[in-house]
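Have a look at entry_3.cif below; it lists mmCIF, C-alpha atoms.
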```cif
data_my_file
#
loop_
_atom_site.label_atom_id
_atom_site.label_comp_id
_atom_site.auth_asym_id
_atom_site.auth_seq_id
_atom_site.Cartn_x
_atom_site.Cartn_y
_atom_site.Cartn_z
CA MET A 1358 286.25 161.02 222.30
CA LYS A 1359 282.66 161.01 221.09
CA VAL A 1360 280.44 158.23 222.44
CA MET A 1361 277.07 156.96 221.25
CA ALA A 1362 274.62 155.38 223.70
CA GLY A 1363 271.59 153.18 223.23
CA ILE A 1364 268.79 151.85 225.41
CA ASP A 1365 266.74 148.75 224.58
CA LEU A 1366 263.65 149.53 226.67
CA HIS A 1367 261.24 146.92 228.04
CA SER A 1368 258.32 147.05 230.46
CA ASN A 1369 260.42 146.14 233.52
CA ASN A 1370 264.06 146.68 232.52
CA ALA A 1371 266.32 148.58 230.18
CA MET A 1372 269.54 147.38 228.55
CA CYS A 1373 272.02 150.25 228.22
CA GLY A 1374 275.01 150.19 225.88
CA LEU A 1375 277.82 152.58 224.94
CA MET A 1376 280.01 152.59 221.82
CA ASP A 1377 282.76 154.89 220.54
CA MET A 1378 282.95 156.25 217.00
CA GLN A 1379 285.25 153.43 215.90
CA GLY A 1380 282.61 150.86 216.79
CA LYS A 1381 284.27 149.65 219.98
CA ARG A 1382 281.82 148.53 222.64
CA LEU A 1383 282.66 150.37 225.84
CA ALA A 1384 280.08 149.12 228.32
CA HIS A 1385 276.67 147.57 228.70
CA LYS A 1386 274.39 146.87 231.63
CA LYS A 1387 270.78 145.83 232.22
CA VAL A 1388 269.01 147.94 234.85
CA GLU A 1389 265.50 148.35 236.20
CA CYS A 1390 263.20 150.97 234.73
CA GLU A 1391 264.43 153.73 237.01
CA LEU A 1392 265.99 156.93 235.71
CA ALA A 1393 268.60 157.03 238.49
CA GLN A 1394 269.97 153.63 237.49
CA VAL A 1395 270.17 154.58 233.81
CA LEU A 1396 271.99 157.82 234.65
CA LYS A 1397 274.42 155.86 236.81
CA VAL A 1398 275.42 153.71 233.82
CA PHE A 1399 276.00 156.80 231.65
CA ALA A 1400 277.71 158.90 234.36
CA PRO A 1401 281.35 157.93 233.58
CA TYR A 1402 280.86 158.94 229.93
CA GLN A 1403 278.43 161.85 230.39
CA LYS A 1404 280.70 164.50 228.85
CA GLN A 1405 281.58 162.32 225.86
CA ILE A 1406 278.06 161.06 225.05
CA ASP A 1407 276.81 162.74 221.88
CA THR A 1408 273.36 161.13 221.51
CA VAL A 1409 271.29 158.51 223.29
CA ALA A 1410 269.07 156.28 221.14
CA VAL A 1411 265.94 155.09 222.95
CA GLU A 1412 263.69 152.45 221.45
CA SER A 1413 260.18 153.82 220.92
CA THR A 1414 258.16 151.44 223.07
CA TYR A 1415 254.81 152.24 224.69
CA ASN A 1416 256.52 153.45 227.90
CA TRP A 1417 259.22 155.82 226.64
CA TYR A 1418 257.89 159.10 228.07
CA TRP A 1419 259.60 158.94 231.49
CA LEU A 1420 262.95 157.91 230.07
CA VAL A 1421 263.21 160.38 227.19
CA ASP A 1422 261.97 163.31 229.29
CA GLY A 1423 264.31 162.40 232.14
CA LEU A 1424 267.37 162.11 229.91
CA MET A 1425 266.61 165.43 228.23
CA ASP A 1426 266.19 167.09 231.63
CA HIS A 1427 269.73 165.95 232.47
CA GLY A 1428 271.17 167.47 229.30
CA TYR A 1429 271.34 164.42 227.03
CA LYS A 1430 270.48 164.64 223.35
CA VAL A 1431 267.94 161.90 222.65
CA ALA A 1432 266.95 160.16 219.41
CA LEU A 1433 263.73 158.13 219.49
CA ALA A 1434 264.38 154.99 217.45
CA ASN A 1435 261.51 153.77 215.27
CA PRO A 1436 261.31 149.96 215.77
CA ALA A 1437 259.00 149.52 212.76
CA GLN A 1438 261.90 150.50 210.48
CA ILE A 1439 264.68 148.62 212.29
CA ASP A 1440 265.30 145.00 211.30
CA GLN A 1441 268.45 143.06 212.05
CA TYR A 1442 269.76 140.54 209.54
CA ASP A 1443 267.38 137.54 209.58
CA GLY A 1444 270.23 135.06 209.23
CA LEU A 1445 271.73 135.79 212.65
CA LYS A 1446 272.02 132.68 214.78
CA HIS A 1447 271.68 134.36 218.16
CA THR A 1448 270.30 137.72 219.31
CA ASP A 1449 269.52 139.07 222.75
CA ASP A 1450 269.09 142.40 224.52
CA LYS A 1451 272.82 143.06 224.37
CA SER A 1452 273.00 142.58 220.59
CA ASP A 1453 269.83 144.64 220.17
CA VAL A 1454 271.14 147.65 222.07
CA PHE A 1455 274.48 147.63 220.26
CA PHE A 1456 272.64 147.37 216.95
CA LEU A 1457 270.85 150.60 217.91
CA THR A 1458 274.14 152.31 218.81
CA GLU A 1459 275.76 151.07 215.59
CA LEU A 1460 272.99 152.59 213.49
CA LEU A 1461 273.30 155.79 215.50
CA ARG A 1462 277.09 155.84 214.99
CA LEU A 1463 276.68 155.40 211.23
CA GLY A 1464 274.01 158.12 211.07
CA ILE A 1465 271.35 155.80 209.62
CA LEU A 1466 269.12 155.28 212.66
CA PRO A 1467 265.41 155.61 211.68
CA THR A 1468 263.91 157.97 214.23
CA GLY A 1469 260.46 158.91 215.43
CA TYR A 1470 258.95 162.19 216.56
CA ILE A 1471 259.38 163.35 220.17
CA TYR A 1472 256.13 165.17 220.86
CA ASP A 1473 256.22 168.37 222.92
CA ARG A 1474 255.84 167.28 226.53
CA GLN A 1475 253.49 170.15 227.45
CA THR A 1476 250.97 169.29 224.72
CA ARG A 1477 251.45 165.52 224.82
CA PRO A 1478 249.12 164.98 227.84
CA VAL A 1479 246.40 166.96 226.03
CA ARG A 1480 246.73 164.71 222.99
CA ASP A 1481 246.61 161.60 225.20
CA LEU A 1482 243.54 162.96 226.99
CA LEU A 1483 241.73 163.27 223.66
CA ARG A 1484 242.70 159.68 222.86
CA ARG A 1485 241.09 158.56 226.11
CA ARG A 1486 237.92 160.37 225.04
CA LEU A 1487 237.73 158.11 222.01
CA SER A 1488 237.93 155.09 224.30
CA LEU A 1489 235.05 156.43 226.40
CA VAL A 1490 232.97 157.10 223.29
CA ARG A 1491 233.44 153.49 222.21
CA GLN A 1492 232.35 152.28 225.64
CA ARG A 1493 229.24 154.46 225.44
CA THR A 1494 228.45 153.14 221.96
CA ALA A 1495 228.74 149.56 223.21
CA LEU A 1496 226.27 150.35 226.01
CA ILE A 1497 223.82 151.97 223.59
CA LEU A 1498 223.91 148.97 221.26
CA SER A 1499 223.47 146.59 224.18
CA PHE A 1500 220.46 148.55 225.43
CA LYS A 1501 218.87 148.59 221.97
CA ASN A 1502 219.45 144.85 221.67
CA LEU A 1503 217.85 144.26 225.07
CA HIS A 1504 214.77 146.25 224.07
CA VAL A 1505 214.22 144.66 220.66
CA ARG A 1506 214.76 141.18 222.11
CA ASN A 1507 212.05 141.70 224.73
CA THR A 1508 209.55 143.85 222.85
CA GLY A 1509 210.18 143.32 219.14
CA VAL A 1510 210.44 147.11 218.72
CA GLU A 1511 213.76 148.73 217.79
CA LEU A 1512 214.57 152.03 219.49
CA GLY A 1513 216.25 154.78 217.51
CA LEU A 1514 219.59 156.22 218.56
CA ALA A 1515 218.12 159.61 219.42
CA ARG A 1516 215.45 157.95 221.55
CA VAL A 1517 218.01 155.98 223.58
CA LYS A 1518 220.14 159.10 224.14
CA SER A 1519 217.11 161.03 225.41
CA LEU A 1520 215.90 158.37 227.85
CA GLY A 1521 216.07 159.11 231.56
CA VAL A 1522 217.15 156.31 233.89
CA SER A 1523 213.67 155.84 235.40
CA GLU A 1524 211.95 156.07 232.04
CA GLY A 1525 214.28 153.54 230.43
CA LYS A 1526 213.91 151.11 233.33
CA ASN A 1527 210.12 151.19 233.04
CA LEU A 1528 210.27 149.94 229.45
CA PHE A 1529 210.79 146.41 230.80
CA GLU A 1530 208.74 144.11 232.99
CA HIS A 1531 211.16 141.57 234.42
CA PRO A 1532 213.21 142.80 237.42
CA CYS A 1533 216.47 141.59 235.89
CA ASP A 1534 215.81 143.44 232.62
CA ARG A 1535 214.86 146.55 234.58
CA LEU A 1536 218.07 146.34 236.59
CA ILE A 1537 220.40 146.00 233.60
CA ALA A 1538 218.55 148.80 231.79
CA GLN A 1539 218.99 151.04 234.82
CA GLU A 1540 222.70 150.26 235.13
CA GLN A 1541 223.38 150.75 231.43
CA LEU A 1542 221.57 154.08 231.27
CA THR A 1543 223.35 155.26 234.43
CA LEU A 1544 226.73 154.40 232.89
CA MET A 1545 225.75 156.14 229.65
CA ARG A 1546 224.94 159.37 231.49
CA GLN A 1547 228.16 159.18 233.48
CA LEU A 1548 230.14 158.67 230.29
CA ASP A 1549 228.31 161.61 228.71
CA GLN A 1550 229.52 163.83 231.56
CA SER A 1551 233.09 162.51 231.39
CA ILE A 1552 233.27 163.00 227.62
CA ASP A 1553 231.92 166.54 227.95
CA ARG A 1554 234.52 167.43 230.59
CA ILE A 1555 237.34 166.06 228.43
CA GLU A 1556 236.16 167.96 225.36
CA LYS A 1557 236.03 171.23 227.29
CA ALA A 1558 239.51 170.71 228.76
CA VAL A 1559 241.06 169.88 225.37
CA LEU A 1560 239.26 172.69 223.56
CA LYS A 1561 240.51 175.20 226.12
CA VAL A 1562 244.10 174.40 225.09
CA VAL A 1563 243.68 173.88 221.35
CA GLU A 1564 241.22 176.60 220.34
CA ALA A 1565 243.98 179.22 220.53
CA LEU A 1566 245.96 177.45 217.79
CA PRO A 1567 245.31 179.05 214.38
CA CYS A 1568 245.38 175.77 212.46
CA TYR A 1569 242.50 174.38 214.53
CA ARG A 1570 240.02 176.97 213.22
CA ARG A 1571 241.32 176.71 209.66
CA LEU A 1572 240.99 172.92 209.64
CA GLN A 1573 237.27 173.29 210.27
CA THR A 1574 236.90 175.01 206.88
CA ILE A 1575 237.57 171.60 205.27
CA PRO A 1576 234.36 169.71 204.38
CA GLY A 1577 233.54 167.03 206.94
CA ILE A 1578 235.80 168.35 209.70
CA GLY A 1579 234.11 169.69 212.82
CA MET A 1580 235.21 170.27 216.39
CA ILE A 1581 236.28 166.74 217.38
CA LEU A 1582 238.03 165.90 214.12
CA GLY A 1583 239.68 169.32 214.13
CA LEU A 1584 241.00 168.70 217.64
CA THR A 1585 242.22 165.23 216.70
CA ILE A 1586 244.05 166.34 213.55
CA THR A 1587 245.65 169.32 215.30
CA LEU A 1588 246.94 167.33 218.27
CA GLU A 1589 247.96 164.18 216.42
CA THR A 1590 249.87 166.10 213.75
CA GLY A 1591 252.02 168.15 216.10
CA GLU A 1592 254.62 170.12 214.12
CA VAL A 1593 253.42 169.90 210.53
CA ASN A 1594 256.82 171.09 209.23
CA ARG A 1595 258.27 167.66 209.98
CA PHE A 1596 256.44 166.46 206.85
CA ALA A 1597 258.26 167.70 203.75
CA THR A 1598 255.35 167.20 201.36
CA ALA A 1599 251.61 166.63 201.39
CA GLY A 1600 252.27 163.08 200.20
CA ASP A 1601 254.48 162.39 203.23
CA TYR A 1602 251.69 163.60 205.50
CA ALA A 1603 249.07 161.52 203.70
CA SER A 1604 251.29 158.47 204.13
CA TYR A 1605 251.60 159.19 207.86
CA CYS A 1606 247.79 159.35 207.98
CA ARG A 1607 247.64 155.85 206.40
CA CYS A 1608 245.87 157.28 203.38
CA VAL A 1609 248.41 155.94 200.87
CA LYS A 1610 248.23 152.42 199.47
CA SER A 1611 250.78 149.97 200.87
CA GLN A 1612 252.35 147.96 198.07
CA ARG A 1613 255.63 146.49 196.87
CA LEU A 1614 256.14 146.23 193.11
CA SER A 1615 258.92 144.95 190.90
CA ASN A 1616 258.61 145.08 187.12
CA GLN A 1617 254.95 146.07 187.60
CA LYS A 1618 254.30 142.86 189.57
CA SER A 1619 253.36 142.56 193.22
CA LYS A 1620 256.19 141.29 195.41
CA GLY A 1621 254.36 141.25 198.71
CA LYS A 1622 253.01 143.99 200.95
CA ASN A 1623 254.66 146.62 203.07
CA ASN A 1624 253.56 147.53 206.59
CA ARG A 1625 250.05 149.00 206.29
CA LYS A 1626 250.11 150.04 209.94
CA CYS A 1627 253.00 152.49 209.58
CA GLY A 1628 251.67 155.89 210.50
CA ASN A 1629 249.13 157.31 212.93
CA GLN A 1630 245.97 155.29 213.54
CA TYR A 1631 244.12 158.26 215.02
CA LEU A 1632 244.73 160.43 211.95
CA ALA A 1633 243.67 157.49 209.75
CA TRP A 1634 240.40 157.31 211.66
CA ALA A 1635 239.91 161.09 211.59
CA PHE A 1636 240.25 161.49 207.83
CA VAL A 1637 238.05 158.49 207.03
CA GLU A 1638 235.40 159.98 209.34
CA ALA A 1639 235.86 163.35 207.63
CA ALA A 1640 235.45 161.71 204.22
CA ASN A 1641 232.17 160.06 205.26
CA CYS A 1642 230.87 163.37 206.64
CA ALA A 1643 232.00 165.30 203.56
CA LEU A 1644 229.89 163.04 201.34
CA ARG A 1645 226.77 164.36 203.04
CA SER A 1646 227.73 168.03 203.12
CA ASP A 1647 229.80 168.84 200.03
CA ALA A 1648 228.74 168.30 196.40
CA GLN A 1649 232.29 168.24 194.99
CA CYS A 1650 233.44 165.66 197.53
CA ARG A 1651 230.40 163.54 196.74
CA LYS A 1652 231.06 163.76 193.00
CA PHE A 1653 234.72 162.80 193.48
CA TYR A 1654 233.69 159.84 195.63
CA GLU A 1655 231.11 158.62 193.11
CA ARG A 1656 233.72 158.69 190.34
CA LYS A 1657 236.19 156.65 192.41
CA LYS A 1658 233.45 154.29 193.51
CA THR A 1659 232.49 153.62 189.88
CA GLN A 1660 236.13 152.89 188.98
CA ARG A 1661 236.71 150.47 191.89
CA ASN A 1662 234.38 150.28 194.91
CA GLY A 1663 233.04 152.31 197.81
CA ILE A 1664 235.91 151.54 200.17
CA VAL A 1665 238.48 152.76 197.64
CA GLY A 1666 236.34 155.85 197.05
CA ILE A 1667 236.31 156.72 200.77
CA LYS A 1668 240.06 156.17 201.11
CA ALA A 1669 240.74 158.28 198.02
CA LEU A 1670 238.65 161.12 199.41
CA ALA A 1671 240.35 160.76 202.81
CA CYS A 1672 243.71 161.09 201.05
CA LYS A 1673 242.52 164.27 199.31
CA LEU A 1674 241.36 165.74 202.62
CA SER A 1675 244.63 164.85 204.39
CA LYS A 1676 246.66 166.61 201.69
CA ALA A 1677 244.37 169.64 201.94
CA ALA A 1678 244.92 169.65 205.72
CA TRP A 1679 248.69 169.63 205.21
CA HIS A 1680 248.51 172.67 202.92
CA ILE A 1681 246.26 174.50 205.38
CA MET A 1682 248.47 173.80 208.41
CA SER A 1683 251.81 174.40 206.68
CA ARG A 1684 250.80 177.54 204.79
CA GLY A 1685 248.31 179.04 207.23
CA VAL A 1686 245.47 179.42 204.71
CA ASP A 1687 241.78 178.47 204.64
CA PHE A 1688 240.40 175.61 202.59
CA GLN A 1689 239.86 176.20 198.88
CA SER A 1690 237.87 173.53 197.08
CA GLY A 1691 239.23 174.44 193.66
CA GLN A 1692 242.78 173.74 194.74
CA MET A 1693 241.95 170.38 196.28
CA PHE A 1694 240.22 169.05 193.19
CA GLY A 1695 242.21 171.05 190.65
CA GLY A 1696 239.11 172.10 188.73
CA ARG A 1697 238.14 168.45 188.20
CA THR A 1698 235.80 166.38 190.31
#
```

Structure re-expressed in structure tokens:
Amino acid sequence: MKVMAGIDLHSNNAMCGLMDMQGKRLAHKKVECELAQVLKVFAPYQKQIDTVAVESTYNWYWLVDGLMDHGYKVALANPAQIDQYDGLKHTDDKSDVFFLTELLRLGILPTGYIYDRQTRPVRDLLRRRLSLVRQRTALILSFKNLHVRNTGVELGLARVKSLGVSEGKNLFEHPCDRLIAQEQLTLMRQLDQSIDRIEKAVLKVVEALPCYRRLQTIPGIGMILGLTITLETGEVNRFATAGDYASYCRCVKSQRLSNQKSKGKNNRKCGNQYLAWAFVEAANCALRSDAQCRKFYERKKTQRNGIVGIKALACKLSKAAWHIMSRGVDFQSGQMFGGRT
């Protein structure tokens, strides 16, 4: 007898449920977020369990990896694509977990991507770098604001980055201003060192991948964006077409039409926020370095506006990246623009 299992995962507990192929509910139990307790629930049916559906919450790593280590086949359920009937009078964790198993039994469960566990920490490390960069930017802006408020003179970005702690402190007269300037510059330099260490650690792993070097042949994509696109994409073969990849990068317009009329909006946040950021950044950089990209952007800007122009160019670059990663070739401008810019 084949059995399907599901887990409705929360921050402090997990509701486990089991169902046979006829839709009969065999068992359910809520346990703490401990792998041993989850395995104990599944133990009587271990040989019959075909697949375990795990809801893709922020804390799924430990559970999915642990189940796979114990020989279970795991499907990562995509909650953004799973909606129960709105007219239900009562739902709870029990109904949620059996809804997952029912979709799994019928073969219609929307699933997400289980990233390779050896590379996953490298990807997450690069994400933390972005958080540190934002903290450093906030400190730089605060320091510039402090200076212009007290002196009426605005410091340039390069000047702030080059300031030593003692030199920056001496720009102010009041002891309190001197103290905050000293602390902000100290934190900036510490963040500089942390960001540099992270970049070196990530680059050491990723630079051996062939797609990383090829991605940097695309206008606007340098080291950091190349690292981001490589790690956030994972296995590019999971995207059947360039359009599918562009959609995952949030470069495709979200709309819902019926008879050429708008009937609301779909979920604009479906996809990868880090790839969305990377290709918009690449588009902005490409404007300054590539004549064809700039010409394409100006045409789109004239038709609509600058924001649409940037997003259109980002979409072009994301499709070019898909072709490069899936086919193992370098960037060719003529193919991206099709002889027309």

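Relative to atom CA of Thr1414 of chain A, atom CA of His1367 of chain A is found at 7.4 Å.
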
Taking the file as shown, what set of residues would the PyMOL selection byres ((chain A and resi 1489-1501) around 9) give back, as a list of chain:residue names? A:Arg1485, A:Arg1486, A:Leu1487, A:Ser1488, A:Asn1502, A:Leu1503, A:His1504, A:Val1505, A:Arg1506, A:Glu1511, A:Leu1512, A:Gly1513, A:Leu1514, A:Val1517, A:Lys1518, A:Ile1537, A:Ala1538, A:Gln1541, A:Leu1542, A:Leu1544, A:Met1545, A:Arg1546, A:Leu1548, A:Asp1549, A:Ser1551, A:Ile1552

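Proximity to Arg1535 of chain A was assessed for A:Ala1677, A:Val1522, A:Val1562, A:Leu1463 counting all atoms listed in the file; the smallest distance is recorded for A:Val1522.
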
Given only C-alpha atoms as the counted atoms, nearest of A:Lys1387, A:Arg1382, A:Lys1658, A:Lys1430 to Lys1404 of chain A: A:Lys1430

To one decimal place in Å, what is the distance between atom CA of Met1682 of chain A and atom CA of Gly1577 of chain A?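 Atom CA of Gly1577 of chain A lies at a distance of 16.5 Å from atom CA of Met1682 of chain A.
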
Kindly indicate which residue among A:Phe1636, A:Tyr1415, A:Tyr1472, A:Phe1399 lies nearest to Leu1582 of chain A, using all atoms listed in the file for the distances.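 Looking only at the distances to Leu1582 of chain A, the closest residue turns out to be A:Phe1636.
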
Could you tell me which of A:Leu1536, A:Cys1627, A:Gly1591, A:Val1409 comes closest to Val1479 of chain A if we count only C-alpha atoms?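 For Val1479 of chain A, the nearest of the given residues is A:Gly1591.
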
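Here the PyMOL selection byres ((chain A and resi 1580) around 10) catches exactly these residues: Glu1556, Leu1560, Glu1564, Tyr1569, Arg1570, Leu1572, Gln1573, Ile1578, Gly1579, Ile1581, Leu1582, Gly1583, Leu1584 and Thr1585 of chain A.
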
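Separating atom CA of Trp1419 of chain A from atom CA of Leu1392 of chain A is a distance of 7.9 Å.
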
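Nearest residue to Asp1407 of chain A among A:Val1360, A:Leu1483, A:Leu1460, A:Ile1664 is A:Val1360, counting all atoms listed in the file.
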
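Here the PyMOL selection byres ((chain A and resi 1673) around 10) catches exactly these residues: Ala1599, Gly1600, Ala1603, Cys1608, Phe1636, Ala1640, Cys1650, Phe1653, Ile1667, Lys1668, Ala1669, Leu1670, Ala1671, Cys1672, Leu1674, Ser1675, Lys1676, Ala1677, Ala1678, Met1693 and Phe1694 of chain A.
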
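Between Thr1476 of chain A and the candidates A:Cys1642, A:Gln1689, A:Leu1566, A:Leu1375, the tightest atom-to-atom separation, counting all atoms listed in the file, involves A:Leu1566.
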